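The structure appears below as structure tokens.
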Amino acid sequence: MKNNRVRARVVAFGALLFSATAWAALAAGAAGHWKGAIQTPGQELQVEVDLAVREPGAWVGTITIPAQNVRAFPLSSIEAKGEVVSFTMKGIPGDPLFKGRLSEDGGTLAGDFTQGGARLPFQLKRAGEAVITEAKSTSITKDLEGAWEGSLNAGGTVLRLRLKLSNRAEGGATGSLVSVDQGGAEIPISTITQAASTLKLELPSIGASYSGELRDGRLLGDWTQGSSTLPLAFTRSMP
């Protein structure tokens with residue numbers, strides 16, 4: 001009889017401990033650092049997602065996809081309503097969308113990833129607190145604002161590029177890049193910084209960056225993507 005009472009207390013204590021752990025995870029909701037994969041045909045595509053609340057109802061987030069050289073790409077349209085969580089990768093062709101549900105203990109986020117006409121399952125596991133470093137763009141001078149054109153020679157294949165740069169009313173620059181010969185999708189530039197005549201652009205959605213210097217009305221510099229660095233010059237677009 002005594003042993004039965006001890007076992008009952010242990011079971012009750014274990015249930016209480018589990019309940020407290022589950023409650024803490026649920027209280028955290030979607031906020032946190034998540035690691036997992038999208039189940040693409042034949043293999044898993046590893047992803048890491050960070051979600052955080054800056055103020056009530058205002059979410060920020062990033063996604064990293066190592067195999068595609070995507071690093072800390074900013075997420076858009078983040079929503080967390082109860083156990084339902086969704087977010088998008090704005091500016092990426094096919095409008096990638098993650099929509100899933102939190103498990104009862106708050107430790108797993110699983111659902112569907114859609115892009116274009118494809119629908120694939122994904123599952124993420126909670127892996128700690130969110131780590132979000134929000135890089136800020138500087139303002140740029142008037143001689144850099146506007147539309148630019150350039151050509152990238154990638155192993156004999158010439159790709160035409162169109163660059164757009166402007167300043168926001170609230171401060172800091174914004175811009176995008178279009179690869180004319182690769183479907184014409186508009187690729188967002190996450191960070192734009194200018195120091196004297198040097199301009200730096202970061203495009204984490206395609207794992208690329210550009211560093212150039214304004215000389216005699218032209219931008220002369222280097223395009224880096226993955227392990228490759230190629231020369232790239234931009235000139236003003238014709239009206």
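Numbering starts fresh at 1 for the residues of each chain in the structure tokens, the chains themselves are lettered A, B, ... in the order given, and ligands are numbered from 1 as they appear.
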
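Secondary structure of stretch 26-233 of chain A, helix (DSSP H, G or I) only (DSSP, backbone atoms): A:Leu26, A:Ala27, A:Ala28, A:Pro66, A:Ala67, A:Gln68, A:Val180, A:Asp181, A:Gln182, A:Pro204, A:Ser205, A:Ile206.
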
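Counting only C-alpha atoms, stretch 199-212 of chain A has the following residues at most 8 Å away, ignoring those fewer than 3 positions along the same chain: Gln68, Asn69, Val70, Arg71, Ala72, Phe73, Ile92, Ile187, Pro188, Ile189, Ser190, Thr191, Ile192, Thr193, Gln194, Ala195, Leu219, Leu220, Gly221, Asp222, Trp223, Thr224, Gln225, Gly226 and Ala233 of chain A.
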
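A straight line drawn from atom CA of A:Gly29 to atom CA of A:Ser86 is 12.5 Å long.
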
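Distances from A:Ala52, A:Ile132, A:Ile140, A:Ile63 to A:Phe98 were compared using only C-alpha atoms, and the smallest one belongs to A:Ile63.
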
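For the residues A:Ile65, A:Ala173, A:Leu97, A:Val53, ranking by smallest atom-to-atom distance to A:Ala118 using only C-alpha atoms places A:Leu97 first.
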
Practice problem: Output as a VMD selection string all residues of stretch 67-135 of chain A that backbone DSSP marks as strand (DSSP E). | Solution: chain A and resid 70 to 74 76 to 81 84 to 88 97 to 102 108 to 115 118 to 126

Restrict the selected residues to N, CA and C atoms and save them as a short mmCIF file (atom, residue, chain, number, x, y, z; two decimals), in the first residue's frame.
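Final output, part-v7.cif:
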```cif
data_model
loop_
_atom_site.label_atom_id
_atom_site.label_comp_id
_atom_site.auth_asym_id
_atom_site.auth_seq_id
_atom_site.Cartn_x
_atom_site.Cartn_y
_atom_site.Cartn_z
N VAL A 70 20.79 31.29 -48.66
CA VAL A 70 19.88 32.30 -48.12
C VAL A 70 20.20 32.49 -46.64
N ARG A 71 20.55 33.72 -46.27
CA ARG A 71 20.96 34.00 -44.89
C ARG A 71 20.12 35.12 -44.31
N ALA A 72 19.39 34.81 -43.24
CA ALA A 72 18.62 35.82 -42.49
C ALA A 72 17.74 36.67 -43.41
N PHE A 73 17.03 36.00 -44.33
CA PHE A 73 16.12 36.72 -45.23
C PHE A 73 14.91 37.17 -44.42
N PRO A 74 14.54 38.47 -44.50
CA PRO A 74 13.42 38.97 -43.69
C PRO A 74 12.08 38.39 -44.13
N SER A 76 7.82 38.23 -44.15
CA SER A 76 6.73 39.19 -44.24
C SER A 76 5.41 38.53 -43.86
N SER A 77 4.39 39.36 -43.61
CA SER A 77 3.03 38.90 -43.32
C SER A 77 3.02 37.81 -42.25
N ILE A 78 3.78 38.03 -41.18
CA ILE A 78 3.83 37.05 -40.09
C ILE A 78 2.55 37.15 -39.26
N GLU A 79 1.87 36.03 -39.09
CA GLU A 79 0.65 35.98 -38.29
C GLU A 79 0.70 34.78 -37.35
N ALA A 80 0.29 34.99 -36.11
CA ALA A 80 0.20 33.91 -35.12
C ALA A 80 -1.12 34.07 -34.39
N LYS A 81 -2.09 33.26 -34.78
CA LYS A 81 -3.42 33.31 -34.18
C LYS A 81 -3.69 31.98 -33.50
N VAL A 84 -2.25 28.58 -34.95
CA VAL A 84 -2.01 28.72 -36.38
C VAL A 84 -0.97 29.82 -36.63
N VAL A 85 0.09 29.46 -37.36
CA VAL A 85 1.19 30.38 -37.64
C VAL A 85 1.46 30.40 -39.15
N SER A 86 1.65 31.59 -39.70
CA SER A 86 1.98 31.68 -41.13
C SER A 86 2.93 32.84 -41.38
N PHE A 87 3.72 32.73 -42.44
CA PHE A 87 4.61 33.81 -42.85
C PHE A 87 5.03 33.59 -44.30
N THR A 88 5.46 34.67 -44.97
CA THR A 88 5.82 34.61 -46.37
C THR A 88 7.24 35.14 -46.60
N LEU A 97 5.09 30.53 -49.15
CA LEU A 97 4.26 30.71 -47.96
C LEU A 97 4.38 29.49 -47.04
N PHE A 98 4.64 29.75 -45.77
CA PHE A 98 4.62 28.71 -44.74
C PHE A 98 3.34 28.89 -43.93
N LYS A 99 2.58 27.80 -43.76
CA LYS A 99 1.40 27.86 -42.91
C LYS A 99 1.32 26.56 -42.12
N GLY A 100 1.36 26.69 -40.79
CA GLY A 100 1.39 25.49 -39.96
C GLY A 100 0.70 25.69 -38.63
N ARG A 101 0.78 24.64 -37.80
CA ARG A 101 0.17 24.67 -36.48
C ARG A 101 1.20 24.27 -35.42
N LEU A 102 1.09 24.92 -34.28
CA LEU A 102 1.92 24.55 -33.14
C LEU A 102 1.37 23.28 -32.50
N THR A 108 6.74 22.03 -31.51
CA THR A 108 6.82 21.73 -32.94
C THR A 108 5.88 22.63 -33.72
N LEU A 109 6.35 23.08 -34.88
CA LEU A 109 5.54 23.84 -35.82
C LEU A 109 5.57 23.09 -37.14
N ALA A 110 4.43 22.59 -37.59
CA ALA A 110 4.38 21.77 -38.80
C ALA A 110 3.18 22.16 -39.66
N GLY A 111 3.36 22.01 -40.97
CA GLY A 111 2.28 22.35 -41.88
C GLY A 111 2.70 22.23 -43.32
N ASP A 112 2.23 23.17 -44.16
CA ASP A 112 2.51 23.13 -45.59
C ASP A 112 3.31 24.34 -46.04
N PHE A 113 4.27 24.09 -46.91
CA PHE A 113 5.01 25.13 -47.60
C PHE A 113 4.53 25.15 -49.04
N THR A 114 4.09 26.31 -49.53
CA THR A 114 3.64 26.40 -50.91
C THR A 114 4.46 27.45 -51.65
N GLN A 115 4.75 27.14 -52.92
CA GLN A 115 5.48 28.07 -53.78
C GLN A 115 5.04 27.79 -55.21
N ALA A 118 3.40 24.35 -56.23
CA ALA A 118 3.89 23.24 -55.41
C ALA A 118 3.44 23.36 -53.97
N ARG A 119 3.16 22.23 -53.35
CA ARG A 119 2.80 22.18 -51.93
C ARG A 119 3.59 21.05 -51.28
N LEU A 120 4.38 21.40 -50.27
CA LEU A 120 5.25 20.43 -49.62
C LEU A 120 5.11 20.54 -48.10
N PRO A 121 5.21 19.42 -47.38
CA PRO A 121 5.13 19.49 -45.92
C PRO A 121 6.43 20.01 -45.30
N PHE A 122 6.30 20.70 -44.17
CA PHE A 122 7.48 21.12 -43.42
C PHE A 122 7.25 20.84 -41.96
N GLN A 123 8.35 20.70 -41.22
CA GLN A 123 8.28 20.54 -39.77
C GLN A 123 9.48 21.21 -39.14
N LEU A 124 9.20 22.03 -38.13
CA LEU A 124 10.25 22.75 -37.40
C LEU A 124 10.16 22.41 -35.92
N LYS A 125 11.33 22.31 -35.27
CA LYS A 125 11.41 22.06 -33.84
C LYS A 125 11.95 23.30 -33.13
N ARG A 126 11.34 23.61 -31.99
CA ARG A 126 11.83 24.75 -31.21
C ARG A 126 13.26 24.48 -30.75
#
```

Practice problem: Find, counting only C-alpha atoms, the residue in A:Leu51, A:Ala185, A:Ala58, A:Leu152 that gets nearest to A:Thr133. | Solution: A:Leu51

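In this structure, atom CA of A:Lys35 sits 22.9 Å away from atom CA of A:Gly94.
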
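Each of A:Leu165, A:Gly36, A:Ala130, A:Val47 was checked against A:Trp59 using only C-alpha atoms; the smallest atom-to-atom distance is that of A:Ala130.
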